[in-house]
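A.B. asks: Pasting target.txt below, which is compact mmCIF, C-alpha atoms.
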```txt
# COMPACT_ATOMS: atom_id res chain seq x y z
CA MET L 1 -206.79 -250.66 23.77
CA SER L 2 -207.24 -249.30 27.29
CA ALA L 3 -205.86 -250.82 30.48
CA ALA L 4 -209.37 -251.99 31.42
CA GLU L 5 -209.78 -253.80 28.08
CA LEU L 6 -206.34 -255.40 28.40
CA ILE L 7 -207.08 -256.51 31.96
CA ALA L 8 -210.40 -258.05 30.83
CA ALA L 9 -208.60 -260.01 28.09
CA LEU L 10 -205.82 -261.07 30.48
CA ALA L 11 -208.25 -262.11 33.23
CA ALA L 12 -209.71 -264.70 30.86
CA ALA L 13 -206.25 -265.91 29.77
CA VAL L 14 -204.59 -265.89 33.22
CA PRO L 15 -207.18 -267.04 35.76
CA GLY L 16 -206.49 -266.13 39.37
CA ALA L 17 -204.24 -263.17 38.59
CA ALA L 18 -205.20 -259.86 40.20
CA PHE L 19 -204.23 -257.20 37.64
CA GLU L 20 -204.46 -253.51 38.40
CA ALA L 21 -204.47 -250.50 36.06
CA LEU L 22 -201.97 -247.86 37.16
CA GLU L 23 -202.03 -244.13 36.56
CA SER L 24 -199.44 -242.66 34.24
CA ALA L 25 -198.96 -239.39 32.39
CA ASP L 26 -199.12 -241.28 29.09
CA ALA L 27 -201.70 -243.93 30.08
CA ASP L 28 -203.98 -242.85 27.22
CA VAL L 29 -201.22 -243.89 24.76
CA THR L 30 -199.51 -246.65 26.75
CA PRO L 31 -201.68 -248.43 29.32
CA VAL L 32 -199.86 -249.44 32.51
CA ILE L 33 -200.77 -252.69 34.26
CA LEU L 34 -199.52 -254.00 37.59
CA VAL L 35 -198.89 -257.75 37.32
CA PRO L 36 -198.35 -260.07 40.31
CA VAL L 37 -194.82 -261.49 40.07
CA GLU L 38 -196.10 -265.07 40.32
CA HIS L 39 -198.23 -264.51 37.18
CA LEU L 40 -195.60 -262.68 35.10
CA LEU L 41 -194.72 -265.56 32.75
CA ALA L 42 -198.34 -266.56 32.18
CA THR L 43 -199.21 -262.91 31.52
CA ALA L 44 -196.29 -262.54 29.09
CA ARG L 45 -197.39 -265.65 27.17
CA ALA L 46 -201.00 -264.46 27.11
CA LEU L 47 -199.98 -261.03 25.80
CA ARG L 48 -197.92 -262.61 23.04
CA GLU L 49 -200.22 -265.48 22.05
CA THR L 50 -203.81 -264.30 22.63
CA PRO L 51 -205.54 -263.37 19.36
CA GLY L 52 -206.38 -259.69 19.46
CA LEU L 53 -203.46 -258.87 21.75
CA GLU L 54 -200.38 -260.27 19.97
CA PHE L 55 -197.67 -258.29 21.76
CA HIS L 56 -194.92 -259.99 19.78
CA ALA L 57 -192.29 -257.29 20.21
CA PHE L 58 -190.38 -256.88 23.44
CA SER L 59 -189.03 -253.36 23.66
CA ASP L 60 -187.33 -253.00 27.04
CA VAL L 61 -187.15 -253.95 30.70
CA THR L 62 -185.84 -251.65 33.38
CA ALA L 63 -186.34 -251.11 37.09
CA VAL L 64 -187.09 -248.37 39.59
CA ASP L 65 -185.83 -248.38 43.19
CA PHE L 66 -188.22 -246.78 45.71
CA HIS L 67 -185.97 -247.30 48.74
CA PRO L 68 -186.67 -246.22 51.51
CA ARG L 69 -190.16 -244.89 50.65
CA ARG L 70 -191.88 -248.13 49.72
CA GLU L 71 -191.86 -251.85 50.26
CA PRO L 72 -191.70 -253.86 48.07
CA ARG L 73 -188.73 -251.84 47.04
CA PHE L 74 -188.49 -252.32 43.26
CA ASP L 75 -190.72 -252.00 40.23
CA VAL L 76 -189.53 -254.07 37.29
CA VAL L 77 -190.97 -252.36 34.21
CA TYR L 78 -191.57 -254.09 30.85
CA HIS L 79 -192.37 -252.25 27.61
CA LEU L 80 -194.14 -254.30 24.94
CA VAL L 81 -195.41 -253.57 21.43
CA SER L 82 -198.05 -255.19 19.26
CA PRO L 83 -196.86 -254.29 15.76
CA HIS L 84 -200.03 -255.65 14.08
CA ARG L 85 -202.29 -253.46 16.19
CA ARG L 86 -199.81 -250.59 16.64
CA ALA L 87 -200.37 -250.77 20.38
CA ARG L 88 -198.11 -250.55 23.40
CA VAL L 89 -198.40 -251.71 27.00
CA ARG L 90 -196.25 -251.21 30.07
CA LEU L 91 -196.21 -253.94 32.70
CA LYS L 92 -194.99 -253.34 36.23
CA VAL L 93 -194.03 -256.05 38.68
CA ARG L 94 -193.32 -255.11 42.30
CA VAL L 95 -190.58 -257.07 44.04
CA ALA L 96 -188.76 -256.90 47.35
CA LEU L 97 -185.02 -256.91 47.83
CA ASP L 98 -183.67 -260.40 47.06
CA GLN L 99 -186.99 -261.53 45.56
CA PRO L 100 -186.36 -263.19 42.19
CA VAL L 101 -188.36 -262.37 39.08
CA PRO L 102 -189.07 -265.00 36.41
CA SER L 103 -187.08 -264.35 33.25
CA VAL L 104 -189.23 -263.63 30.19
CA THR L 105 -186.51 -264.84 27.79
CA ALA L 106 -188.58 -267.97 27.06
CA VAL L 107 -191.32 -265.67 25.72
CA TRP L 108 -189.17 -262.89 24.23
CA PRO L 109 -185.54 -264.05 23.74
CA GLY L 110 -184.51 -260.41 23.16
CA ALA L 111 -185.07 -259.73 26.88
CA GLY L 112 -181.80 -261.46 27.75
CA TRP L 113 -179.51 -258.45 27.46
CA THR L 114 -181.79 -256.01 29.24
CA GLU L 115 -182.45 -258.48 32.07
CA ARG L 116 -178.68 -258.73 32.49
CA GLU L 117 -178.46 -254.93 32.60
CA VAL L 118 -181.15 -254.74 35.32
CA TYR L 119 -179.37 -257.50 37.25
CA ASP L 120 -176.03 -255.69 36.95
CA LEU L 121 -177.26 -252.23 37.95
CA PHE L 122 -180.04 -253.08 40.45
CA GLY L 123 -179.17 -256.61 41.64
CA ILE L 124 -182.56 -258.03 40.68
CA VAL L 125 -182.23 -261.74 39.90
CA PHE L 126 -184.12 -263.19 36.92
CA GLU L 127 -184.84 -266.87 37.55
CA GLY L 128 -184.48 -269.04 34.48
CA HIS L 129 -182.15 -266.65 32.66
CA GLY L 130 -179.52 -268.76 30.92
CA GLU L 131 -176.58 -266.35 31.34
CA LEU L 132 -177.33 -263.97 34.20
CA ARG L 133 -174.03 -262.19 34.78
CA ARG L 134 -172.73 -258.64 34.78
CA LEU L 135 -173.06 -256.72 31.55
CA LEU L 136 -171.82 -253.17 32.16
CA MET L 137 -169.80 -253.28 35.39
CA PRO L 138 -166.56 -255.27 35.79
CA ASP L 139 -167.03 -258.83 37.10
CA ASP L 140 -165.34 -257.96 40.40
CA TRP L 141 -167.49 -254.84 41.02
CA ASP L 142 -169.05 -254.62 44.46
CA GLY L 143 -172.73 -253.72 44.62
CA HIS L 144 -175.29 -252.42 42.15
CA PRO L 145 -174.86 -248.73 41.26
CA LEU L 146 -178.50 -247.82 40.51
CA ARG L 147 -179.78 -248.85 43.92
CA LYS L 148 -180.79 -245.89 46.08
CA ASP L 149 -178.62 -247.14 48.96
CA TYR L 150 -175.50 -247.53 46.80
CA PRO L 151 -172.66 -245.44 48.29
CA VAL L 152 -172.30 -242.47 45.96
CA GLN L 153 -168.87 -241.44 47.21
CA LEU L 154 -167.37 -244.85 46.47
CA ARG L 155 -163.81 -244.66 45.24
CA LYS L 156 -162.43 -247.52 43.24
CA ASP L 157 -159.30 -247.39 41.19
CA ALA L 158 -159.88 -248.16 37.56
CA GLY L 159 -158.27 -251.36 36.47
CA THR L 160 -155.87 -250.85 33.61
CA PHE L 161 -154.72 -253.55 31.33
CA MET L 162 -151.96 -253.68 28.79
CA PRO L 163 -152.91 -255.15 25.43
CA LEU L 164 -151.72 -258.69 25.09
CA GLN L 165 -149.63 -259.46 22.05
CA VAL L 166 -150.19 -262.98 20.74
CA THR L 167 -149.19 -264.76 17.60
CA GLU L 168 -151.76 -265.88 15.07
CA GLU L 169 -151.33 -269.49 16.23
CA GLU L 170 -151.85 -268.52 19.89
CA PHE L 171 -154.97 -266.53 18.94
CA ARG L 172 -156.47 -269.47 17.03
CA ALA L 173 -155.69 -271.86 19.92
CA ASN L 174 -157.35 -269.47 22.42
CA MET L 175 -160.44 -269.13 20.23
CA GLU L 176 -160.77 -272.91 19.87
CA ARG L 177 -160.32 -273.40 23.63
CA ASP L 178 -163.04 -270.81 24.37
CA ARG L 179 -165.41 -272.34 21.82
CA THR L 180 -165.13 -275.82 23.34
CA ALA L 181 -165.21 -274.55 26.95
CA ARG L 182 -168.58 -272.78 26.57
CA PRO L 183 -170.96 -274.75 24.38
CA ARG L 184 -173.75 -272.63 22.97
CA SER L 185 -177.26 -273.40 24.11
CA LYS L 186 -179.84 -273.96 21.36
CA ASP L 187 -182.53 -271.97 23.21
CA ALA L 188 -180.38 -268.91 23.78
CA HIS L 189 -178.76 -268.69 20.36
CA GLY L 190 -180.63 -270.48 17.88
```
As structure tokens, how would this structure be written, given the file I've shared?
C.D. replies:
Amino acid sequence: MSAAELIAALAAAVPGAAFEALESADADVTPVILVPVEHLLATARALRETPGLEFHAFSDVTAVDFHPRREPRFDVVYHLVSPHRRARVRLKVRVALDQPVPSVTAVWPGAGWTEREVYDLFGIVFEGHGELRRLLMPDDWDGHPLRKDYPVQLRKDAGTFMPLQVTEEEFRANMERDRTARPRSKDAHG
């Protein structure tokens, strides 16, 4: 299915959204569609639920920083697969610095980890994400290392930690305390 055919199907399912086909070296295999950020969730639902589209598989989300060449600064890039049709699509959403993006975890729960990775490395906030926190960098890390304006020559001493020796009883008590302190959400885990 070409970008034009996908856009025609999406235009009927998401009225008022101005989609745009984008050029790409592999556009003949994977169509690339620019989606307005305010229509991202509706577009995601339409891609998953519309008969004939059925992009049930979320593959990845990443980001690209175009600082200082372009504003809005970031492209958030989603890779989706329709296993029934053996088709792929790439969605791009353009966002400015400090502009939140709706989380697609309600549509594809598997997006949770990769949204956290994008948040951690680029600082892009995903509204509606149940556990948006650092994934790769330490909790006390300053900044977002994949931003173009991140200071490359940053020096930070690595934190070192000695392994903690606990008894079996202390371990069980710690596990029980952690389990009761953070109740699991049904939507995120089950």
A.B. asks: List as a PyMOL selection string the protein and nucleic acid residues near Ala111 in chain L, meaning an atom at most 12 Å away when only C-alpha atoms are counted, but skip any in the same chain fewer than 3 places from it.
C.D. replies: chain L and resi 44+57-62+77-80+102-108+114-118+126+129-132+188
A.B. asks: To one decimal place in Å, what is the distance between CA of Leu97 in chain L and CA of Phe122 in chain L?
C.D. replies: 9.7 Å
A.B. asks: Rounded to one decimal place, report the CA of Met1 in chain L-CA of Ala87 in chain L distance in Å.
C.D. replies: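 Straight-line distance from CA of Met1 in chain L to CA of Ala87 in chain L works out to 7.3 Å.
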A.B. asks: Counting all atoms listed in the file, which residue out of L:Arg90, L:Arg85, L:Arg134, L:Arg69 sits closest to Leu34 in chain L?
C.D. replies: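 Closest residue, counting all atoms listed in the file: L:Arg90.
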A.B. asks: For a test of reading the model, state the distance in Å between CA of Arg94 in chain L and CA of Lys148 in chain L, rounded to one decimal.
C.D. replies: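 Those two atoms sit 16.0 Å apart.
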A.B. asks: Looking at only C-alpha atoms, which of L:Thr43, L:Ser82, L:Ser2, L:Thr180 is the one that sits closest to Val29 in chain L?
C.D. replies: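 Among L:Thr43, L:Ser82, L:Ser2, L:Thr180, it is L:Ser2 that comes nearest to Val29 in chain L.
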